[in-house]
file data.pdb (PDB, C-alpha atoms and all ligand atoms)
ATOM      1  CA  MET A   1      73.612 148.263  67.188
ATOM      2  CA  ALA A   2      73.972 147.365  70.873
ATOM      3  CA  LYS A   3      77.449 147.053  72.311
ATOM      4  CA  SER A   4      79.113 143.616  72.153
ATOM      5  CA  ILE A   5      80.005 142.348  75.615
ATOM      6  CA  LEU A   6      81.714 139.323  74.085
ATOM      7  CA  GLU A   7      83.343 138.498  70.783
ATOM      8  CA  VAL A   8      84.899 135.206  69.803
ATOM      9  CA  LYS A   9      87.091 135.513  66.744
ATOM     10  CA  GLY A  10      88.516 132.687  64.630
ATOM     11  CA  ILE A  11      88.525 130.139  67.450
ATOM     12  CA  LYS A  12      90.086 126.776  66.652
ATOM     13  CA  LEU A  13      90.539 123.900  69.067
ATOM     14  CA  ALA A  14      91.384 120.274  68.318
ATOM     15  CA  PHE A  15      91.395 117.287  70.671
ATOM     16  CA  GLY A  16      93.819 114.854  69.090
ATOM     17  CA  GLY A  17      92.376 114.304  65.630
ATOM     18  CA  VAL A  18      88.983 115.898  66.392
ATOM     19  CA  GLN A  19      88.585 119.515  65.305
ATOM     20  CA  ALA A  20      86.009 120.406  67.975
ATOM     21  CA  ILE A  21      85.999 124.100  67.007
ATOM     22  CA  ASP A  22      86.959 125.039  63.500
ATOM     23  CA  ASP A  23      87.368 128.779  62.896
ATOM     24  CA  CYS A  24      84.293 129.907  64.792
ATOM     25  CA  SER A  25      83.395 133.573  65.266
ATOM     26  CA  PHE A  26      80.360 135.324  66.740
ATOM     27  CA  HIS A  27      79.473 138.148  69.104
ATOM     28  CA  ILE A  28      77.074 138.567  72.003
ATOM     29  CA  GLU A  29      75.275 141.854  72.584
ATOM     30  CA  GLU A  30      75.220 143.263  76.078
ATOM     31  CA  GLY A  31      71.939 142.815  77.973
ATOM     32  CA  THR A  32      70.609 139.998  75.800
ATOM     33  CA  ILE A  33      69.745 136.356  76.389
ATOM     34  CA  THR A  34      71.318 134.457  73.482
ATOM     35  CA  ALA A  35      70.876 130.758  72.793
ATOM     36  CA  LEU A  36      73.750 128.682  71.448
ATOM     37  CA  ILE A  37      72.214 125.723  69.642
ATOM     38  CA  GLY A  38      73.339 123.017  67.247
ATOM     39  CA  PRO A  39      73.383 119.258  66.751
ATOM     40  CA  ASN A  40      75.230 116.952  69.178
ATOM     41  CA  GLY A  41      78.976 117.299  68.845
ATOM     42  CA  ALA A  42      78.717 120.734  67.191
ATOM     43  CA  GLY A  43      81.240 122.178  69.648
ATOM     44  CA  LYS A  44      78.896 124.137  71.938
ATOM     45  CA  SER A  45      80.228 122.869  75.283
ATOM     46  CA  THR A  46      83.794 123.214  74.034
ATOM     47  CA  MET A  47      83.025 126.821  73.096
ATOM     48  CA  VAL A  48      81.604 127.496  76.582
ATOM     49  CA  ASN A  49      84.846 126.135  78.026
ATOM     50  CA  VAL A  50      86.926 128.308  75.706
ATOM     51  CA  ILE A  51      84.930 131.439  76.588
ATOM     52  CA  SER A  52      85.081 130.771  80.337
ATOM     53  CA  GLY A  53      88.808 130.010  80.183
ATOM     54  CA  THR A  54      88.683 126.314  81.073
ATOM     55  CA  TYR A  55      90.196 125.494  77.657
ATOM     56  CA  ARG A  56      92.747 127.584  75.828
ATOM     57  CA  PRO A  57      92.085 127.672  72.069
ATOM     58  CA  ASP A  58      94.764 126.651  69.553
ATOM     59  CA  GLU A  59      93.969 129.820  67.613
ATOM     60  CA  GLY A  60      91.710 132.829  67.843
ATOM     61  CA  HIS A  61      90.649 135.352  70.444
ATOM     62  CA  VAL A  62      88.085 135.805  73.182
ATOM     63  CA  ILE A  63      87.293 139.493  73.642
ATOM     64  CA  LEU A  64      85.388 140.648  76.711
ATOM     65  CA  ASP A  65      84.287 144.289  76.671
ATOM     66  CA  GLY A  66      86.859 145.039  74.001
ATOM     67  CA  LYS A  67      89.646 143.489  76.080
ATOM     68  CA  ASP A  68      91.467 140.376  74.886
ATOM     69  CA  VAL A  69      91.111 137.773  77.674
ATOM     70  CA  THR A  70      92.293 134.743  75.642
ATOM     71  CA  ARG A  71      95.373 134.268  77.805
ATOM     72  CA  MET A  72      93.688 135.042  81.126
ATOM     73  CA  PRO A  73      92.856 132.186  83.521
ATOM     74  CA  ASN A  74      89.212 131.558  84.314
ATOM     75  CA  TYR A  75      89.297 133.095  87.794
ATOM     76  CA  VAL A  76      90.530 136.406  86.352
ATOM     77  CA  ARG A  77      87.728 136.312  83.777
ATOM     78  CA  ALA A  78      85.342 135.661  86.666
ATOM     79  CA  GLN A  79      86.649 138.784  88.405
ATOM     80  CA  HIS A  80      85.661 140.659  85.239
ATOM     81  CA  GLY A  81      82.129 139.266  85.540
ATOM     82  CA  LEU A  82      82.435 136.425  83.024
ATOM     83  CA  LEU A  83      81.112 133.304  84.735
ATOM     84  CA  ARG A  84      79.677 129.915  84.019
ATOM     85  CA  THR A  85      77.724 127.597  86.237
ATOM     86  CA  PHE A  86      79.275 124.407  87.546
ATOM     87  CA  GLN A  87      77.603 121.284  88.782
ATOM     88  CA  ILE A  88      77.755 120.820  92.525
ATOM     89  CA  SER A  89      80.829 118.645  92.930
ATOM     90  CA  ARG A  90      81.490 116.219  95.746
ATOM     91  CA  GLU A  91      83.139 118.813  98.006
ATOM     92  CA  PHE A  92      80.272 121.222  97.545
ATOM     93  CA  ALA A  93      77.733 118.497  98.261
ATOM     94  CA  ASN A  94      79.155 118.360 101.806
ATOM     95  CA  LEU A  95      78.501 122.064 102.359
ATOM     96  CA  THR A  96      75.123 123.541 103.175
ATOM     97  CA  VAL A  97      73.224 125.540 100.587
ATOM     98  CA  LEU A  98      74.160 128.774 102.366
ATOM     99  CA  GLU A  99      77.835 127.765 102.570
ATOM    100  CA  ASN A 100      77.775 126.990  98.843
ATOM    101  CA  LEU A 101      76.989 130.638  98.235
ATOM    102  CA  LEU A 102      79.395 132.011 100.829
ATOM    103  CA  VAL A 103      82.454 130.221  99.443
ATOM    104  CA  VAL A 104      81.969 132.001  96.129
ATOM    105  CA  ARG A 105      83.133 135.202  97.798
ATOM    106  CA  GLN A 106      85.536 133.509 100.172
ATOM    107  CA  GLY A 107      88.483 135.731  99.235
ATOM    108  CA  GLN A 108      86.766 138.798 100.618
ATOM    109  CA  VAL A 109      86.788 138.012 104.328
ATOM    110  CA  GLY A 110      89.391 136.681 106.700
ATOM    111  CA  GLU A 111      91.658 136.012 103.758
ATOM    112  CA  SER A 112      94.671 135.733 106.024
ATOM    113  CA  LEU A 113      95.339 134.784 109.591
ATOM    114  CA  PHE A 114      96.506 138.349 110.094
ATOM    115  CA  GLY A 115      93.206 139.643 108.800
ATOM    116  CA  ALA A 116      91.233 137.277 110.992
ATOM    117  CA  LEU A 117      93.181 138.144 114.146
ATOM    118  CA  PHE A 118      93.731 141.861 113.814
ATOM    119  CA  ARG A 119      90.677 142.932 111.938
ATOM    120  CA  ALA A 120      88.185 140.693 113.698
ATOM    121  CA  LYS A 121      85.476 143.322 113.894
ATOM    122  CA  ARG A 122      85.649 144.189 110.205
ATOM    123  CA  TRP A 123      85.714 140.456 109.450
ATOM    124  CA  GLN A 124      82.552 139.881 111.458
ATOM    125  CA  GLU A 125      80.798 142.783 109.758
ATOM    126  CA  GLN A 126      81.773 141.563 106.289
ATOM    127  CA  THR A 127      80.653 138.032 107.079
ATOM    128  CA  LYS A 128      77.311 139.371 108.292
ATOM    129  CA  GLU A 129      76.879 141.389 105.096
ATOM    130  CA  LEU A 130      77.729 138.385 102.944
ATOM    131  CA  VAL A 131      75.300 136.131 104.816
ATOM    132  CA  ALA A 132      72.573 138.753 104.376
ATOM    133  CA  GLU A 133      73.341 138.997 100.673
ATOM    134  CA  ALA A 134      73.345 135.205 100.278
ATOM    135  CA  ASN A 135      70.054 134.917 102.164
ATOM    136  CA  ASP A 136      68.504 137.522  99.865
ATOM    137  CA  ILE A 137      69.554 135.553  96.808
ATOM    138  CA  LEU A 138      68.310 132.282  98.353
ATOM    139  CA  ASN A 139      65.004 133.973  99.059
ATOM    140  CA  THR A 140      64.669 135.115  95.448
ATOM    141  CA  PHE A 141      65.306 131.568  94.287
ATOM    142  CA  GLY A 142      62.830 130.058  96.769
ATOM    143  CA  LEU A 143      65.710 128.257  98.503
ATOM    144  CA  TYR A 144      65.784 130.081 101.814
ATOM    145  CA  ARG A 145      64.079 127.307 103.754
ATOM    146  CA  LEU A 146      66.740 124.897 102.450
ATOM    147  CA  ARG A 147      69.700 127.107 103.416
ATOM    148  CA  ASN A 148      70.987 124.786 106.174
ATOM    149  CA  GLU A 149      70.451 121.598 104.173
ATOM    150  CA  TYR A 150      73.511 119.833 102.740
ATOM    151  CA  ALA A 151      73.597 120.521  98.999
ATOM    152  CA  GLY A 152      74.168 116.810  98.389
ATOM    153  CA  ASN A 153      70.727 116.014  99.857
ATOM    154  CA  LEU A 154      68.847 118.212  97.390
ATOM    155  CA  SER A 155      66.857 116.964  94.394
ATOM    156  CA  GLY A 156      68.378 117.352  90.930
ATOM    157  CA  GLY A 157      66.149 120.343  90.248
ATOM    158  CA  GLN A 158      66.998 122.066  93.511
ATOM    159  CA  LYS A 159      70.693 121.589  92.744
ATOM    160  CA  ARG A 160      70.214 123.427  89.440
ATOM    161  CA  LEU A 161      68.707 126.335  91.324
ATOM    162  CA  VAL A 162      71.636 126.371  93.786
ATOM    163  CA  GLU A 163      74.087 126.343  90.868
ATOM    164  CA  LEU A 164      72.396 129.417  89.440
ATOM    165  CA  ALA A 165      72.146 131.121  92.860
ATOM    166  CA  ARG A 166      75.843 130.479  93.427
ATOM    167  CA  ALA A 167      76.718 132.097  90.101
ATOM    168  CA  VAL A 168      74.585 135.121  91.001
ATOM    169  CA  MET A 169      76.526 135.479  94.272
ATOM    170  CA  ALA A 170      79.634 136.083  92.135
ATOM    171  CA  LYS A 171      77.956 139.151  90.573
ATOM    172  CA  PRO A 172      78.084 138.067  86.938
ATOM    173  CA  ARG A 173      77.791 140.439  84.005
ATOM    174  CA  LEU A 174      77.896 137.619  81.480
ATOM    175  CA  LEU A 175      76.733 134.172  82.538
ATOM    176  CA  LEU A 176      77.263 131.038  80.451
ATOM    177  CA  LEU A 177      74.865 128.149  81.044
ATOM    178  CA  ASP A 178      75.424 124.763  79.411
ATOM    179  CA  GLU A 179      72.083 122.952  79.181
ATOM    180  CA  PRO A 180      70.694 124.185  82.510
ATOM    181  CA  MET A 181      67.295 122.628  81.771
ATOM    182  CA  ALA A 182      68.565 119.137  80.888
ATOM    183  CA  GLY A 183      66.837 116.414  82.888
ATOM    184  CA  VAL A 184      64.644 118.675  85.005
ATOM    185  CA  THR A 185      60.850 118.651  85.341
ATOM    186  CA  PRO A 186      58.656 120.941  83.211
ATOM    187  CA  ALA A 187      57.717 122.930  86.332
ATOM    188  CA  LEU A 188      61.361 123.562  87.103
ATOM    189  CA  ILE A 189      62.134 124.458  83.478
ATOM    190  CA  GLU A 190      59.492 127.149  83.854
ATOM    191  CA  ARG A 191      61.040 128.327  87.131
ATOM    192  CA  LEU A 192      64.625 128.404  85.827
ATOM    193  CA  GLY A 193      63.453 130.299  82.744
ATOM    194  CA  HIS A 194      61.697 132.820  84.956
ATOM    195  CA  HIS A 195      64.842 133.369  87.069
ATOM    196  CA  ILE A 196      67.011 133.851  83.984
ATOM    197  CA  VAL A 197      64.625 136.461  82.567
ATOM    198  CA  GLU A 198      64.427 138.237  85.953
ATOM    199  CA  LEU A 199      68.222 138.338  86.359
ATOM    200  CA  ASN A 200      68.460 139.734  82.845
ATOM    201  CA  ARG A 201      65.805 142.403  83.438
ATOM    202  CA  GLU A 202      66.535 143.370  87.013
ATOM    203  CA  LEU A 203      70.328 143.067  87.188
ATOM    204  CA  GLY A 204      71.149 143.420  83.493
ATOM    205  CA  VAL A 205      72.961 140.068  83.367
ATOM    206  CA  THR A 206      73.775 138.974  79.798
ATOM    207  CA  PHE A 207      73.201 135.251  79.191
ATOM    208  CA  VAL A 208      74.572 132.707  76.750
ATOM    209  CA  LEU A 209      72.517 129.571  77.045
ATOM    210  CA  VAL A 210      73.379 126.244  75.400
ATOM    211  CA  GLU A 211      69.954 124.708  75.028
ATOM    212  CA  HIS A 212      68.394 121.838  73.103
ATOM    213  CA  ASN A 213      64.833 122.651  74.179
ATOM    214  CA  LEU A 214      63.629 125.035  71.480
ATOM    215  CA  ASP A 215      60.444 125.907  73.359
ATOM    216  CA  VAL A 216      62.669 127.404  76.052
ATOM    217  CA  VAL A 217      64.754 129.179  73.404
ATOM    218  CA  GLU A 218      61.632 130.621  71.804
ATOM    219  CA  LYS A 219      60.307 131.845  75.130
ATOM    220  CA  ILE A 220      63.351 133.501  76.661
ATOM    221  CA  CYS A 221      66.050 134.088  74.011
ATOM    222  CA  SER A 222      66.007 137.092  71.703
ATOM    223  CA  ARG A 223      68.766 135.789  69.453
ATOM    224  CA  VAL A 224      70.107 132.412  68.488
ATOM    225  CA  VAL A 225      73.602 131.433  67.345
ATOM    226  CA  VAL A 226      73.734 128.095  65.553
ATOM    227  CA  MET A 227      76.906 125.996  65.587
ATOM    228  CA  ALA A 228      77.526 122.947  63.415
ATOM    229  CA  LEU A 229      80.770 121.031  62.872
ATOM    230  CA  GLY A 230      82.678 123.479  65.033
ATOM    231  CA  LYS A 231      81.649 126.567  63.086
ATOM    232  CA  GLN A 232      79.075 129.295  63.417
ATOM    233  CA  LEU A 233      76.467 128.336  60.851
ATOM    234  CA  ALA A 234      73.922 131.122  61.271
ATOM    235  CA  ASP A 235      72.501 133.615  63.710
ATOM    236  CA  GLY A 236      69.234 135.469  64.074
ATOM    237  CA  THR A 237      65.873 135.059  65.727
ATOM    238  CA  LEU A 238      64.501 131.528  65.991
ATOM    239  CA  ALA A 239      61.754 132.501  63.521
ATOM    240  CA  GLU A 240      64.387 133.564  60.967
ATOM    241  CA  LEU A 241      66.405 130.406  61.482
ATOM    242  CA  ARG A 242      63.403 128.149  60.983
ATOM    243  CA  SER A 243      63.398 129.081  57.307
ATOM    244  CA  ASN A 244      67.198 128.915  56.942
ATOM    245  CA  GLN A 245      68.033 125.922  54.743
ATOM    246  CA  ALA A 246      71.564 125.492  56.116
ATOM    247  CA  VAL A 247      70.159 125.255  59.658
ATOM    248  CA  ILE A 248      67.476 122.773  58.632
ATOM    249  CA  ASP A 249      70.122 120.671  56.848
ATOM    250  CA  ALA A 250      72.456 120.701  59.870
ATOM    251  CA  TYR A 251      69.690 119.390  62.081
ATOM    252  CA  LEU A 252      68.629 116.887  59.432
ATOM    253  CA  GLY A 253      72.193 115.632  59.502
ATOM    254  CA  GLY A 254      71.584 114.992  63.185
ATOM    255  CA  GLY A 255      68.317 113.292  62.217
ATOM    256  CA  ALA A 256      65.873 115.701  63.790
ATOM    257  CA  ARG A 257      63.966 117.996  61.452
ATOM    258  CA  GLU A 258      61.277 118.570  64.055
ATOM    259  CA  ARG A 259      63.843 120.034  66.451
ATOM    260  CA  VAL A 260      63.957 123.281  64.494
ATOM    261  CA  GLY A 261      60.200 123.120  64.239
ATOM    262  CA  SER A 262      60.083 123.570  60.457
TER     263      SER A 262
HETATM  264  N1  LIG B   1      87.817 116.599  76.175
HETATM  265  C1  LIG B   1      87.625 116.107  74.945
HETATM  266  N2  LIG B   1      88.474 115.200  74.413
HETATM  267  C2  LIG B   1      88.292 114.723  73.161
HETATM  268  N3  LIG B   1      87.290 115.090  72.369
HETATM  269  C3  LIG B   1      86.414 115.970  72.832
HETATM  270  C4  LIG B   1      86.524 116.531  74.147
HETATM  271  N4  LIG B   1      85.498 117.407  74.346
HETATM  272  C5  LIG B   1      84.779 117.384  73.207
HETATM  273  N5  LIG B   1      85.314 116.538  72.305
HETATM  274  C6  LIG B   1      84.809 116.308  70.940
HETATM  275  O1  LIG B   1      84.653 117.586  70.327
HETATM  276  C7  LIG B   1      83.451 117.648  69.583
HETATM  277  C8  LIG B   1      82.568 118.751  70.126
HETATM  278  O2  LIG B   1      82.080 118.349  71.393
HETATM  279  P1  LIG B   1      81.178 119.260  72.324
HETATM  280  O3  LIG B   1      81.021 118.533  73.599
HETATM  281  O4  LIG B   1      81.728 120.624  72.381
HETATM  282  O5  LIG B   1      79.808 119.278  71.513
HETATM  283  P2  LIG B   1      78.377 119.832  71.940
HETATM  284  O6  LIG B   1      77.913 120.721  70.838
HETATM  285  O7  LIG B   1      78.426 120.392  73.298
HETATM  286  O8  LIG B   1      77.490 118.491  71.907
HETATM  287  P3  LIG B   1      76.237 118.055  72.836
HETATM  288  O9  LIG B   1      75.032 118.757  72.240
HETATM  289  O10 LIG B   1      76.154 116.587  72.613
HETATM  290  O11 LIG B   1      76.522 118.441  74.245
HETATM  291  C9  LIG B   1      82.836 116.251  69.646
HETATM  292  O12 LIG B   1      83.263 115.533  68.520
HETATM  293  C10 LIG B   1      83.421 115.678  70.910
HETATM  294  O13 LIG B   1      83.503 114.270  70.865
HETATM  295 MG    MG B   2      77.499 119.888  75.120
END
call {"tool": "encode", "arguments": {"input": "data.pdb", "output": "structure tokens"}}
result
Amino acid sequence: MAKSILEVKGIKLAFGGVQAIDDCSFHIEEGTITALIGPNGAGKSTMVNVISGTYRPDEGHVILDGKDVTRMPNYVRAQHGLLRTFQISREFANLTVLENLLVVRQGQVGESLFGALFRAKRWQEQTKELVAEANDILNTFGLYRLRNEYAGNLSGGQKRLVELARAVMAKPRLLLLDEPMAGVTPALIERLGHHIVELNRELGVTFVLVEHNLDVVEKICSRVVVMALGKQLADGTLAELRSNQAVIDAYLGGGARERVGS
């Protein structure tokens, strides 16, 4: 069996009276693209937040590469290559596309006044290298011509691409995406899917993708983890899950038999 890059074990998290995650465990194999699916309110987004470190669980453990990161803040997890995408917030909308990528690695250059003043040459070199790296990534994503555009002026679809490009700039090993295809055009769904597969193949990035669009799941994900009512209900290939009665019932509960394509 392939090595697990991530394990979640016995996670529980309640918001007031709502048990959003209720003793949920699963693992993610290194080098795979895994879908996390389930009816609305199943706890998928909450789980993404627990894995990335935005939420601390009431109980249970998040294990990255065999190391318990449950108590680590999200930026430390990010330094270990565990990242999630974030929507372009208001501050980022006022930066250009290129600047959106550069700030991801902000800490690396001119981190102090001392550094800026006394190591100016090294600072310039590092900045040049970072700009070159960012431009390469923008090129791959077909965003190079938009590099000096304010991110806030981009279309919804272009923003999704910038979000992914920004995550790539942080050199992820495991990237969590919460409904990256929601509300984008079919052409862009195709393009995002292509980039995810390329990043997986070329750079070996492992993906966990929360996704309602099962055509996308079928096309790009080798394994599917199903959550329902805050628990892991099943896992396997989509083909296997289509004949799994518990999965069909969970979706029927949400009123959508056709969503598992049975
Ligand atoms: N910050 C919060 N405060 C209170 N309740 C929350 C909070 N976040 C999530 N919940 C509740 O926890 C449960 C799980 O929500 P979550 O957003 O994780 O589901 P989901 O599987 O991502 O659903 P969807 O497919 O609709 O995005 C829901 O009942 C939701 O209302
Ligand atoms: Mg959600």
call {"tool": "residues_near_ligand", "arguments": {"input": "data.pdb", "ligand": "ligand LIG 1 (chain B)", "cutoff": "12 Å", "atoms": "all atoms listed in the file", "output": "PyMOL selection string"}}
result
chain A and resi 12-22+36-50+54-55+177-180+182+209-213+226-232+251+254
call {"tool": "atom_distance", "arguments": {"input": "data.pdb", "atom1": "CA of Gly66 in chain A", "atom2": "CA of Glu240 in chain A"}}
result
28.4 Å
call {"tool": "closest_residue", "arguments": {"input": "data.pdb", "among": "A:Leu161, A:Gly152, A:Met169, A:Ile28", "to": "Ala134 in chain A", "atoms": "only C-alpha atoms"}}
result
A:Met169
call {"tool": "closest_residue", "arguments": {"input": "data.pdb", "among": "A:Val184, A:Leu203, A:Ile88, A:Val217", "to": "Leu164 in chain A", "atoms": "all atoms listed in the file"}}
result
A:Ile88
call {"tool": "residues_near_point", "arguments": {"input": "data.pdb", "point": "(66.9, 126.2, 103.7)", "cutoff": "12 Å", "atoms": "all atoms listed in the file", "output": "ChimeraX atom specification"}}
result
/A:96-100,134-135,137-139,141-151,153-154,158,162
call {"tool": "resolve_selection", "arguments": {"input": "data.pdb", "expression": "the PyMOL selection byres (((chain A and resi 75-80) around 9) and not hetatm)", "output": "PDB file with C-alpha atoms, in the coordinates of the input"}}
result
ATOM      1  CA  SER A  52      85.081 130.771  80.337  1.00  0.00           C
ATOM      2  CA  GLY A  53      88.808 130.010  80.183  1.00  0.00           C
ATOM      3  CA  LEU A  64      85.388 140.648  76.711  1.00  0.00           C
ATOM      4  CA  VAL A  69      91.111 137.773  77.674  1.00  0.00           C
ATOM      5  CA  MET A  72      93.688 135.042  81.126  1.00  0.00           C
ATOM      6  CA  PRO A  73      92.856 132.186  83.521  1.00  0.00           C
ATOM      7  CA  ASN A  74      89.212 131.558  84.314  1.00  0.00           C
ATOM      8  CA  GLY A  81      82.129 139.266  85.540  1.00  0.00           C
ATOM      9  CA  LEU A  82      82.435 136.425  83.024  1.00  0.00           C
ATOM     10  CA  LEU A  83      81.112 133.304  84.735  1.00  0.00           C
ATOM     11  CA  ARG A  84      79.677 129.915  84.019  1.00  0.00           C
ATOM     12  CA  ALA A 170      79.634 136.083  92.135  1.00  0.00           C
ATOM     13  CA  LYS A 171      77.956 139.151  90.573  1.00  0.00           C
ATOM     14  CA  PRO A 172      78.084 138.067  86.938  1.00  0.00           C
ATOM     15  CA  ARG A 173      77.791 140.439  84.005  1.00  0.00           C
TER      16      ARG A 173
END
call {"tool": "residues_around", "arguments": {"input": "data.pdb", "residues": "Asp68 in chain A", "least_positions_apart": "5", "cutoff": "10 Å", "atoms": "all atoms listed in the file", "output": "ChimeraX atom specification"}}
result
/A:6-8,61-63
call {"tool": "resolve_selection", "arguments": {"input": "data.pdb", "expression": "the PyMOL selection byres (((chain A and resi 200) around 12) and not hetatm)", "output": "tab-separated table (two decimals) with C-alpha atoms, keeping the file's coordinate frame"}}
result
chain	number	residue	atom	x	y	z
A	30	GLU	CA	75.22	143.26	76.08
A	31	GLY	CA	71.94	142.82	77.97
A	32	THR	CA	70.61	140.00	75.80
A	33	ILE	CA	69.74	136.36	76.39
A	34	THR	CA	71.32	134.46	73.48
A	168	VAL	CA	74.58	135.12	91.00
A	172	PRO	CA	78.08	138.07	86.94
A	173	ARG	CA	77.79	140.44	84.00
A	174	LEU	CA	77.90	137.62	81.48
A	175	LEU	CA	76.73	134.17	82.54
A	193	GLY	CA	63.45	130.30	82.74
A	194	HIS	CA	61.70	132.82	84.96
A	195	HIS	CA	64.84	133.37	87.07
A	196	ILE	CA	67.01	133.85	83.98
A	197	VAL	CA	64.62	136.46	82.57
A	198	GLU	CA	64.43	138.24	85.95
A	199	LEU	CA	68.22	138.34	86.36
A	201	ARG	CA	65.81	142.40	83.44
A	202	GLU	CA	66.54	143.37	87.01
A	203	LEU	CA	70.33	143.07	87.19
A	204	GLY	CA	71.15	143.42	83.49
A	205	VAL	CA	72.96	140.07	83.37
A	206	THR	CA	73.78	138.97	79.80
A	207	PHE	CA	73.20	135.25	79.19
A	208	VAL	CA	74.57	132.71	76.75
A	220	ILE	CA	63.35	133.50	76.66
A	221	CYS	CA	66.05	134.09	74.01
A	222	SER	CA	66.01	137.09	71.70
call {"tool": "atom_distance", "arguments": {"input": "data.pdb", "atom1": "CA of Phe92 in chain A", "atom2": "CA of Arg160 in chain A"}}
result
13.1 Å
call {"tool": "atom_distance", "arguments": {"input": "data.pdb", "atom1": "CA of Gly236 in chain A", "atom2": "CA of Ile189 in chain A"}}
result
23.4 Å
call {"tool": "decode", "arguments": {"input": "data.pdb", "residues": "range 3-17 of chain A", "atoms": "N, CA, C and O atoms", "output": "mmCIF file, in the first residue's frame"}}
result
data_model
loop_
_atom_site.group_PDB
_atom_site.id
_atom_site.type_symbol
_atom_site.label_atom_id
_atom_site.label_comp_id
_atom_site.auth_asym_id
_atom_site.auth_seq_id
_atom_site.Cartn_x
_atom_site.Cartn_y
_atom_site.Cartn_z
ATOM 1 N N LYS A 3 2.246 5.009 0.782
ATOM 2 C CA LYS A 3 2.426 5.681 2.068
ATOM 3 C C LYS A 3 1.319 6.726 2.279
ATOM 4 O O LYS A 3 0.934 7.439 1.351
ATOM 5 N N SER A 4 0.820 6.814 3.532
ATOM 6 C CA SER A 4 -0.169 7.858 3.838
ATOM 7 C C SER A 4 0.563 9.166 4.079
ATOM 8 O O SER A 4 1.455 9.237 4.921
ATOM 9 N N ILE A 5 0.174 10.216 3.361
ATOM 10 C CA ILE A 5 0.741 11.535 3.642
ATOM 11 C C ILE A 5 -0.062 12.195 4.757
ATOM 12 O O ILE A 5 0.448 13.009 5.517
ATOM 13 N N LEU A 6 -1.330 11.797 4.869
ATOM 14 C CA LEU A 6 -2.208 12.401 5.870
ATOM 15 C C LEU A 6 -3.112 11.346 6.498
ATOM 16 O O LEU A 6 -3.658 10.485 5.798
ATOM 17 N N GLU A 7 -3.250 11.454 7.814
ATOM 18 C CA GLU A 7 -4.255 10.618 8.492
ATOM 19 C C GLU A 7 -5.057 11.515 9.412
ATOM 20 O O GLU A 7 -4.467 12.334 10.149
ATOM 21 N N VAL A 8 -6.372 11.394 9.371
ATOM 22 C CA VAL A 8 -7.174 12.034 10.412
ATOM 23 C C VAL A 8 -7.761 10.906 11.245
ATOM 24 O O VAL A 8 -8.229 9.902 10.712
ATOM 25 N N LYS A 9 -7.654 11.054 12.554
ATOM 26 C CA LYS A 9 -8.037 9.954 13.444
ATOM 27 C C LYS A 9 -9.003 10.448 14.506
ATOM 28 O O LYS A 9 -8.650 11.336 15.303
ATOM 29 N N GLY A 10 -10.207 9.907 14.510
ATOM 30 C CA GLY A 10 -11.180 10.176 15.579
ATOM 31 C C GLY A 10 -11.490 11.645 15.775
ATOM 32 O O GLY A 10 -11.633 12.103 16.910
ATOM 33 N N ILE A 11 -11.592 12.397 14.670
ATOM 34 C CA ILE A 11 -11.847 13.836 14.802
ATOM 35 C C ILE A 11 -13.295 14.091 15.240
ATOM 36 O O ILE A 11 -14.248 13.532 14.676
ATOM 37 N N LYS A 12 -13.413 14.958 16.246
ATOM 38 C CA LYS A 12 -14.731 15.438 16.672
ATOM 39 C C LYS A 12 -14.669 16.944 16.782
ATOM 40 O O LYS A 12 -13.681 17.489 17.295
ATOM 41 N N LEU A 13 -15.713 17.611 16.290
ATOM 42 C CA LEU A 13 -15.789 19.063 16.458
ATOM 43 C C LEU A 13 -17.247 19.502 16.470
ATOM 44 O O LEU A 13 -18.013 19.176 15.550
ATOM 45 N N ALA A 14 -17.638 20.188 17.532
ATOM 46 C CA ALA A 14 -19.015 20.677 17.646
ATOM 47 C C ALA A 14 -19.017 22.202 17.615
ATOM 48 O O ALA A 14 -18.097 22.849 18.125
ATOM 49 N N PHE A 15 -20.038 22.759 16.973
ATOM 50 C CA PHE A 15 -20.288 24.207 17.036
ATOM 51 C C PHE A 15 -21.560 24.367 17.849
ATOM 52 O O PHE A 15 -22.642 24.062 17.341
ATOM 53 N N GLY A 16 -21.444 24.810 19.082
ATOM 54 C CA GLY A 16 -22.623 24.878 19.934
ATOM 55 C C GLY A 16 -23.243 23.500 20.011
ATOM 56 O O GLY A 16 -22.572 22.524 20.343
ATOM 57 N N GLY A 17 -24.490 23.377 19.620
ATOM 58 C CA GLY A 17 -25.159 22.075 19.681
ATOM 59 C C GLY A 17 -24.957 21.215 18.439
ATOM 60 O O GLY A 17 -25.426 20.083 18.386
#
